[in-house]
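Taking it in order: structure first as structure tokens, then the write-up.
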Amino acid sequence: MNMLLSNETDLSAAELRAMCRSGTFDGPTAGYADNHVQANLMIVPQEYAFDFLLFCQRNPKPCPLVEVLEPGRFAPRSAEQADLRSDLPGYRIFEHGVLVREVTDISEFWRDDLVSFLIGCSFSFESALVAGGIALRHIEQQRNVAMYKTTLPCVPAGRFSGNAVVSMRPVKSRDVARAVEITARLPQVHGAPVHIGNPQVIGIADLMRPDFGDAVAIMDDELPVFWACGVTPQYVAEMSKLPFCITHAPGKMFVTDRLNE
């Protein structure tokens, strides 16, 4: 469905959300609506909302909060005309920690007790990296960013416990320090990397086999650089066997009206 055309990356946030709602866009949002805050989505029943809020506060690197909505609300303040039930390219529905369905609209699954959390996304710092002269291969190749489950433990909170997910971008060795400096200025979208170099140290066996997204080659003059990732709540919900939750599909974010800077 999604076909990346040269002028499509210039879409406004509202135009991109409208395409998601109409079903004409269902791909990864990396590289779109430049300079707008993109957000991961986690929706949980109200009975688990406080535990998840506490989990986010205890784990700000993978789960930097952008906004928390009241139970039953689906129009966020960060994009007042938007509808979280339809304005993302894709959603995942989990039951007892098992992925049971992937859909492009969750209106039929909506309940008045559902609480939505918007969590900062590393796609938001990519424009800063590109502006700083650091090329991003997954955008150049029109792929989803590679994401991996790790052995890095999160701080548990109530029902929620588990390990972090990271996203990886190859960076030329000479540019790694600048990539760290640029992203460290943006803690609201994961901030500085959590690991650089040998992936086995954080439990990743094979970079060419990501758990989410698409693999990209790493050249001889590059290092793999890993940032905390907002897909972490999906992995934690899986490990915690949460009875029910709805998330974004990896790489398919909610694009807000807020600007990164």
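In the structure tokens, chains take letters A, B, ... by order of appearance, with residues numbered from 1 within each chain and ligands from 1 in the order shown.
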Exercise. Skip stretch 81-86 of chain A itself and residues of its chain fewer than 4 positions away, then list as number ranges by chain all residues within 6 Å of it, counting only C-alpha atoms.
Key: A: 21, 74-75, 105-107
Requested write-out: N, CA, C and O atoms of the selected residues, as a short mmCIF file (atom, residue, chain, number, x, y, z; two decimals), in the first residue's frame:
data_model
loop_
_atom_site.label_atom_id
_atom_site.label_comp_id
_atom_site.auth_asym_id
_atom_site.auth_seq_id
_atom_site.Cartn_x
_atom_site.Cartn_y
_atom_site.Cartn_z
N ARG A 21 -5.45 7.30 8.31
CA ARG A 21 -6.88 7.12 8.63
C ARG A 21 -7.64 6.59 7.42
O ARG A 21 -8.56 5.77 7.55
N PHE A 74 -9.21 9.40 23.09
CA PHE A 74 -8.37 9.01 21.97
C PHE A 74 -7.91 10.19 21.13
O PHE A 74 -7.29 10.02 20.09
N ALA A 75 -8.22 11.43 21.58
CA ALA A 75 -7.76 12.65 20.90
C ALA A 75 -6.67 13.28 21.76
O ALA A 75 -6.97 13.90 22.79
N ASP A 105 -6.63 -0.26 12.11
CA ASP A 105 -7.63 0.57 12.81
C ASP A 105 -8.09 -0.22 14.03
O ASP A 105 -8.37 -1.42 13.92
N ILE A 106 -8.15 0.44 15.19
CA ILE A 106 -8.54 -0.28 16.41
C ILE A 106 -9.89 0.19 16.94
O ILE A 106 -10.23 -0.10 18.09
N SER A 107 -10.68 0.89 16.13
CA SER A 107 -11.95 1.42 16.61
C SER A 107 -12.85 0.32 17.17
O SER A 107 -13.53 0.51 18.20
#
Self-check item: stretch 164-173 of chain A surroundings by only C-alpha atoms, 7 Å radius, close-in-sequence under 2 positions cut, as a VMD selection string
Solution: chain A and resid 62 136 145 to 150 152 to 154 162 175 to 176 218 221 to 229 231 to 232
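Near A:Lys61, within 9 Å and counting only C-alpha atoms, sit Pro187, Gln188, Val189, His190, Gly191, Ala192, Val194, Trp227, Ala228, Cys229 and Gly230 of chain A, not including residues fewer than 6 positions from it in the same chain.
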Picked from stretch 61-130 of chain A by DSSP as helix (DSSP H, G or I), as a short mmCIF file (atom, residue, chain, number, x, y, z; two decimals) with C-alpha atoms, in the first residue's frame:
data_model
loop_
_atom_site.label_atom_id
_atom_site.label_comp_id
_atom_site.auth_asym_id
_atom_site.auth_seq_id
_atom_site.Cartn_x
_atom_site.Cartn_y
_atom_site.Cartn_z
CA ARG A 77 -3.35 17.22 23.15
CA SER A 78 -0.22 16.83 21.03
CA ALA A 79 -2.43 16.60 17.91
CA SER A 107 -11.95 1.42 16.61
CA GLU A 108 -13.78 -1.90 16.99
CA PHE A 109 -11.55 -2.87 19.92
CA PHE A 123 12.72 8.62 14.62
CA SER A 124 12.43 12.14 16.03
CA PHE A 125 16.20 12.52 16.46
CA GLU A 126 17.00 11.17 13.01
CA SER A 127 16.48 14.54 11.34
CA ALA A 128 19.02 16.00 13.78
CA LEU A 129 21.52 13.27 12.90
CA VAL A 130 21.02 13.84 9.16
#
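Proximity of A:Glu238, A:Asp257, A:Glu181, A:Asp113 to A:Glu47, computed with only C-alpha atoms, is greatest for A:Asp113.
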Quiz item: Near stretch 242-246 of chain A, within 8 Å and counting only C-alpha atoms, which residues show up once chain neighbours fewer than 5 positions away are dropped, as a PyMOL selection string?
Solution: chain A and resi 41-45+91-97+159+237
Quiz prompt | Length of the atom CA of A:Phe160 to atom CA of A:Val255 vector [Å] | solution = 26.0 Å
Practice problem: Using DSSP on the backbone, list every residue of stretch 80-132 of chain A that comes out as strand (DSSP E or B), and give them as JSON, numbers by chain. | Solution: {"A": [91, 92, 93, 94, 95, 98, 99, 100, 101, 102, 103, 114, 115, 116, 117, 118, 119, 120]}
Quiz item: Mind pulling up the distance from atom CA of A:Lys252 to atom CA of A:Gly23?
Solution: 13.2 Å
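Going from atom CA of A:Asp220 over to atom CA of A:Ala205, you cover 18.8 Å.
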